[in-house]
Amino acid sequence: MTGVRTKVNRVLLTLTGLLLVVAGGATLAVGLGVKPPSWWIYDDRHEVLLTEANRTRWRDEGWWWPVVIAVLAVLLLLALWWLSAELRRHRLAALAVDTGDGDGAEVRGRAVEDALGDEAERLPGVDRARVLLRGRRDSPEVRAGLRLEPAAGPRETLERLVGQGLRNARGSLGRDELPAEVVLKAARHKAERVS
């Protein structure tokens, strides 16, 4: 469900952005002298978007400008909230754990991330590890980024992580499956001088 919602949000953001770019570009083109199609809002480069009568219609009303500014501020805040929600990493706050007694328990997602990260950093050849839990409470997914030391073997490190760290996490959380995406990067090291 989270993936579908993210895709819908991104499609809506893309369509909104494209609509604004097309409308702005078309308005700019007409202003620069391009002949617009017959169905366009206005058809002359000297024509204004808002006539003087439209601009001054509510000028004498005391409520007009505060309402306009408030509506624009709310629209701006909603757009910024939407953008920040798209850019923010969706992190799992808590995981549901089956305790076997029918009640279940809840484990903080950050605690699981820290435990997995610490265990990954203790693996031979791992310089640094970052772990992020995503998904839903009842079906979490692990995203791990490991920075490997120059002499570390990626295959061996990945096998150890899956065989040790993820197996321990599955056992602790009482899960048969714990899907993981692991990104391996090599740590930068100084070039050695050969003489």
# chains A, B, ... in the order shown; residues from 1 in each chain; ligands from 1
$ residues_around --residues "Arg110 (chain A)" --least-positions-apart "2" --cutoff "9 Å" --atoms "only C-alpha atoms" --output "JSON list (two decimals) with C-alpha atoms, in the first residue's frame"
[["chain", "number", "residue", "atom", "x", "y", "z"],
["A", 91, "ARG", "CA", 10.98, 4.84, 8.22],
["A", 92, "LEU", "CA", 9.17, 2.21, 10.22],
["A", 93, "ALA", "CA", 8.45, 3.52, 13.73],
["A", 94, "ALA", "CA", 7.47, 0.16, 15.23],
["A", 107, "VAL", "CA", 9.38, -3.30, 19.01],
["A", 108, "ARG", "CA", 10.74, 0.12, 18.12],
["A", 112, "VAL", "CA", 16.02, -3.02, 15.34],
["A", 113, "GLU", "CA", 17.91, -0.74, 12.93],
["A", 114, "ASP", "CA", 20.58, -0.03, 15.55],
["A", 115, "ALA", "CA", 20.96, -3.72, 16.43],
["A", 132, "LEU", "CA", 16.76, 1.46, 7.52],
["A", 133, "LEU", "CA", 13.48, -0.40, 8.09]]
$ select_by_dssp --residues "region 36-88 of chain A" --states "helix (DSSP H, G or I)" --output "PyMOL selection string"
chain A and resi 52-56+64-87
$ atom_distance --atom1 "CA of Arg134 (chain A)" --atom2 "CA of Arg188 (chain A)"
28.4 Å
$ closest_residue --among "A:Glu106, A:Glu61, A:Trp81, A:Gly31" --to "Glu47 (chain A)" --atoms "only C-alpha atoms"
A:Gly31
$ closest_residue --among "A:Glu181, A:Asp127, A:Glu149, A:Glu86" --to "Arg10 (chain A)" --atoms "only C-alpha atoms"
A:Glu86
$ closest_residue --among "A:Thr99, A:Asp138, A:Lys185, A:Gly109" --to "Gly171 (chain A)" --atoms "only C-alpha atoms"
A:Thr99
$ residues_around --residues "Asn168 (chain A)" --least-positions-apart "5" --cutoff "9 Å" --atoms "only C-alpha atoms" --output "NGL selection string"
:A and (116 or 163 or 173)
$ residues_around --residues "region 118-121 of chain A" --least-positions-apart "6" --cutoff "9 Å" --atoms "only C-alpha atoms" --output "ChimeraX atom specification"
/A:127-131,146,160-161,164-165
$ write_last_selection --atoms "all heavy atoms" --output "PDB file, in the first residue's frame"
ATOM      1  N   ASP A 127      33.404  -1.340   7.133  1.00  0.00           N
ATOM      2  CA  ASP A 127      33.875  -0.092   7.727  1.00  0.00           C
ATOM      3  C   ASP A 127      32.734   0.654   8.411  1.00  0.00           C
ATOM      4  O   ASP A 127      32.878   1.168   9.513  1.00  0.00           O
ATOM      5  CB  ASP A 127      34.512   0.772   6.640  1.00  0.00           C
ATOM      6  CG  ASP A 127      35.061   2.070   7.169  1.00  0.00           C
ATOM      7  OD1 ASP A 127      35.701   2.043   8.236  1.00  0.00           O
ATOM      8  OD2 ASP A 127      34.852   3.119   6.522  1.00  0.00           O
ATOM      9  N   ARG A 128      31.574   0.706   7.740  1.00  0.00           N
ATOM     10  CA  ARG A 128      30.421   1.410   8.290  1.00  0.00           C
ATOM     11  C   ARG A 128      29.154   0.775   7.744  1.00  0.00           C
ATOM     12  O   ARG A 128      29.130   0.311   6.609  1.00  0.00           O
ATOM     13  CB  ARG A 128      30.453   2.882   7.904  1.00  0.00           C
ATOM     14  CG  ARG A 128      29.292   3.668   8.510  1.00  0.00           C
ATOM     15  CD  ARG A 128      29.294   5.107   8.138  1.00  0.00           C
ATOM     16  NE  ARG A 128      30.479   5.765   8.648  1.00  0.00           N
ATOM     17  CZ  ARG A 128      30.868   6.971   8.285  1.00  0.00           C
ATOM     18  NH1 ARG A 128      30.170   7.643   7.405  1.00  0.00           N
ATOM     19  NH2 ARG A 128      31.947   7.520   8.794  1.00  0.00           N
ATOM     20  N   ALA A 129      28.095   0.788   8.546  1.00  0.00           N
ATOM     21  CA  ALA A 129      26.812   0.223   8.116  1.00  0.00           C
ATOM     22  C   ALA A 129      25.682   1.175   8.495  1.00  0.00           C
ATOM     23  O   ALA A 129      25.688   1.744   9.585  1.00  0.00           O
ATOM     24  CB  ALA A 129      26.581  -1.137   8.763  1.00  0.00           C
ATOM     25  N   ARG A 130      24.733   1.334   7.580  1.00  0.00           N
ATOM     26  CA  ARG A 130      23.512   2.096   7.853  1.00  0.00           C
ATOM     27  C   ARG A 130      22.336   1.207   7.503  1.00  0.00           C
ATOM     28  O   ARG A 130      22.272   0.659   6.402  1.00  0.00           O
ATOM     29  CB  ARG A 130      23.460   3.369   7.017  1.00  0.00           C
ATOM     30  CG  ARG A 130      24.503   4.382   7.453  1.00  0.00           C
ATOM     31  CD  ARG A 130      24.276   5.722   6.841  1.00  0.00           C
ATOM     32  NE  ARG A 130      23.013   6.257   7.321  1.00  0.00           N
ATOM     33  CZ  ARG A 130      22.279   7.117   6.634  1.00  0.00           C
ATOM     34  NH1 ARG A 130      22.654   7.523   5.463  1.00  0.00           N
ATOM     35  NH2 ARG A 130      21.147   7.567   7.118  1.00  0.00           N
ATOM     36  N   VAL A 131      21.409   1.070   8.425  1.00  0.00           N
ATOM     37  CA  VAL A 131      20.264   0.195   8.228  1.00  0.00           C
ATOM     38  C   VAL A 131      18.992   1.008   8.382  1.00  0.00           C
ATOM     39  O   VAL A 131      18.877   1.830   9.291  1.00  0.00           O
ATOM     40  CB  VAL A 131      20.286  -0.978   9.231  1.00  0.00           C
ATOM     41  CG1 VAL A 131      19.050  -1.844   9.073  1.00  0.00           C
ATOM     42  CG2 VAL A 131      21.542  -1.809   9.046  1.00  0.00           C
ATOM     43  N   LEU A 146      26.280  -0.817   3.254  1.00  0.00           N
ATOM     44  CA  LEU A 146      27.531  -1.198   3.895  1.00  0.00           C
ATOM     45  C   LEU A 146      28.699  -0.579   3.135  1.00  0.00           C
ATOM     46  O   LEU A 146      28.763  -0.676   1.904  1.00  0.00           O
ATOM     47  CB  LEU A 146      27.709  -2.720   3.919  1.00  0.00           C
ATOM     48  CG  LEU A 146      26.612  -3.549   4.569  1.00  0.00           C
ATOM     49  CD1 LEU A 146      26.973  -5.027   4.508  1.00  0.00           C
ATOM     50  CD2 LEU A 146      26.377  -3.125   5.996  1.00  0.00           C
ATOM     51  N   ARG A 160      27.862 -13.352   4.999  1.00  0.00           N
ATOM     52  CA  ARG A 160      27.892 -13.261   6.466  1.00  0.00           C
ATOM     53  C   ARG A 160      26.710 -12.449   6.992  1.00  0.00           C
ATOM     54  O   ARG A 160      26.112 -12.792   8.012  1.00  0.00           O
ATOM     55  CB  ARG A 160      29.198 -12.635   6.932  1.00  0.00           C
ATOM     56  CG  ARG A 160      30.382 -13.555   6.852  1.00  0.00           C
ATOM     57  CD  ARG A 160      31.597 -12.923   7.529  1.00  0.00           C
ATOM     58  NE  ARG A 160      32.783 -13.686   7.238  1.00  0.00           N
ATOM     59  CZ  ARG A 160      33.789 -13.236   6.488  1.00  0.00           C
ATOM     60  NH1 ARG A 160      33.757 -12.019   5.982  1.00  0.00           N
ATOM     61  NH2 ARG A 160      34.834 -14.002   6.262  1.00  0.00           N
ATOM     62  N   LEU A 161      26.401 -11.356   6.298  1.00  0.00           N
ATOM     63  CA  LEU A 161      25.283 -10.523   6.739  1.00  0.00           C
ATOM     64  C   LEU A 161      23.976 -11.304   6.678  1.00  0.00           C
ATOM     65  O   LEU A 161      23.191 -11.287   7.626  1.00  0.00           O
ATOM     66  CB  LEU A 161      25.180  -9.261   5.874  1.00  0.00           C
ATOM     67  CG  LEU A 161      24.003  -8.345   6.199  1.00  0.00           C
ATOM     68  CD1 LEU A 161      24.190  -7.721   7.576  1.00  0.00           C
ATOM     69  CD2 LEU A 161      23.850  -7.266   5.154  1.00  0.00           C
ATOM     70  N   GLN A 164      24.257 -14.371   9.246  1.00  0.00           N
ATOM     71  CA  GLN A 164      24.331 -14.028  10.663  1.00  0.00           C
ATOM     72  C   GLN A 164      23.298 -12.985  11.055  1.00  0.00           C
ATOM     73  O   GLN A 164      22.357 -13.259  11.786  1.00  0.00           O
ATOM     74  CB  GLN A 164      25.729 -13.460  10.966  1.00  0.00           C
ATOM     75  CG  GLN A 164      26.613 -14.365  11.766  1.00  0.00           C
ATOM     76  CD  GLN A 164      27.961 -13.677  11.939  1.00  0.00           C
ATOM     77  OE1 GLN A 164      28.792 -13.712  11.048  1.00  0.00           O
ATOM     78  NE2 GLN A 164      28.149 -13.042  13.071  1.00  0.00           N
ATOM     79  N   GLY A 165      23.506 -11.768  10.558  1.00  0.00           N
ATOM     80  CA  GLY A 165      22.701 -10.631  10.994  1.00  0.00           C
ATOM     81  C   GLY A 165      21.223 -10.767  10.695  1.00  0.00           C
ATOM     82  O   GLY A 165      20.379 -10.612  11.583  1.00  0.00           O
TER      83      GLY A 165
END
$ residues_around --residues "region 14-20 of chain A" --least-positions-apart "6" --cutoff "12 Å" --atoms "only C-alpha atoms" --output "compact mmCIF listing (two decimals) with all heavy atoms, in the first residue's frame"
# COMPACT_ATOMS: atom_id res chain seq x y z
N LYS A 7 3.68 6.02 -5.42
CA LYS A 7 3.59 6.17 -6.87
C LYS A 7 2.50 7.16 -7.26
O LYS A 7 2.69 7.98 -8.16
CB LYS A 7 3.34 4.81 -7.52
CG LYS A 7 4.55 3.92 -7.50
CD LYS A 7 4.25 2.58 -8.11
CE LYS A 7 5.47 1.66 -7.96
NZ LYS A 7 5.19 0.31 -8.43
N VAL A 8 1.35 7.08 -6.59
CA VAL A 8 0.25 8.02 -6.88
C VAL A 8 0.70 9.44 -6.58
O VAL A 8 0.46 10.37 -7.37
CB VAL A 8 -1.01 7.65 -6.08
CG1 VAL A 8 -2.05 8.74 -6.16
CG2 VAL A 8 -1.59 6.33 -6.59
N ALA A 26 3.42 28.46 -22.15
CA ALA A 26 2.50 28.97 -23.18
C ALA A 26 2.24 30.46 -22.96
O ALA A 26 2.20 31.25 -23.92
CB ALA A 26 1.19 28.20 -23.14
N THR A 27 2.06 30.87 -21.71
CA THR A 27 1.84 32.29 -21.42
C THR A 27 3.07 33.11 -21.80
O THR A 27 2.94 34.19 -22.40
CB THR A 27 1.53 32.47 -19.92
OG1 THR A 27 0.38 31.69 -19.60
CG2 THR A 27 1.27 33.92 -19.58
N LEU A 28 4.25 32.59 -21.50
CA LEU A 28 5.48 33.29 -21.87
C LEU A 28 5.61 33.37 -23.39
O LEU A 28 5.98 34.42 -23.93
CB LEU A 28 6.69 32.56 -21.28
CG LEU A 28 8.06 33.15 -21.60
CD1 LEU A 28 8.17 34.56 -21.02
CD2 LEU A 28 9.15 32.26 -21.05
N ALA A 79 1.56 22.64 -0.31
CA ALA A 79 2.52 22.20 -1.32
C ALA A 79 3.86 21.83 -0.69
O ALA A 79 4.47 20.82 -1.05
CB ALA A 79 2.71 23.29 -2.37
N LEU A 83 5.58 18.13 -0.64
CA LEU A 83 6.94 17.92 -1.12
C LEU A 83 7.80 17.27 -0.05
O LEU A 83 8.55 16.32 -0.33
CB LEU A 83 7.54 19.24 -1.57
CG LEU A 83 8.98 19.18 -2.07
CD1 LEU A 83 9.07 18.34 -3.33
CD2 LEU A 83 9.52 20.58 -2.32
N GLU A 86 7.14 13.63 0.30
CA GLU A 86 7.73 12.84 -0.77
C GLU A 86 9.22 12.65 -0.59
O GLU A 86 9.76 11.60 -0.91
CB GLU A 86 7.47 13.51 -2.12
CG GLU A 86 6.08 13.30 -2.63
CD GLU A 86 5.72 11.84 -2.75
OE1 GLU A 86 6.47 11.08 -3.39
OE2 GLU A 86 4.70 11.44 -2.18
$ select_by_dssp --residues "region 54-178 of chain A" --states "strand (DSSP E)" --output "PyMOL selection string"
chain A and resi 94-97+105-108+126-136+139-148
$ closest_residue --among "A:Gly174, A:Pro37, A:Pro179, A:Pro124" --to "Ala151 (chain A)" --atoms "only C-alpha atoms"
A:Pro124
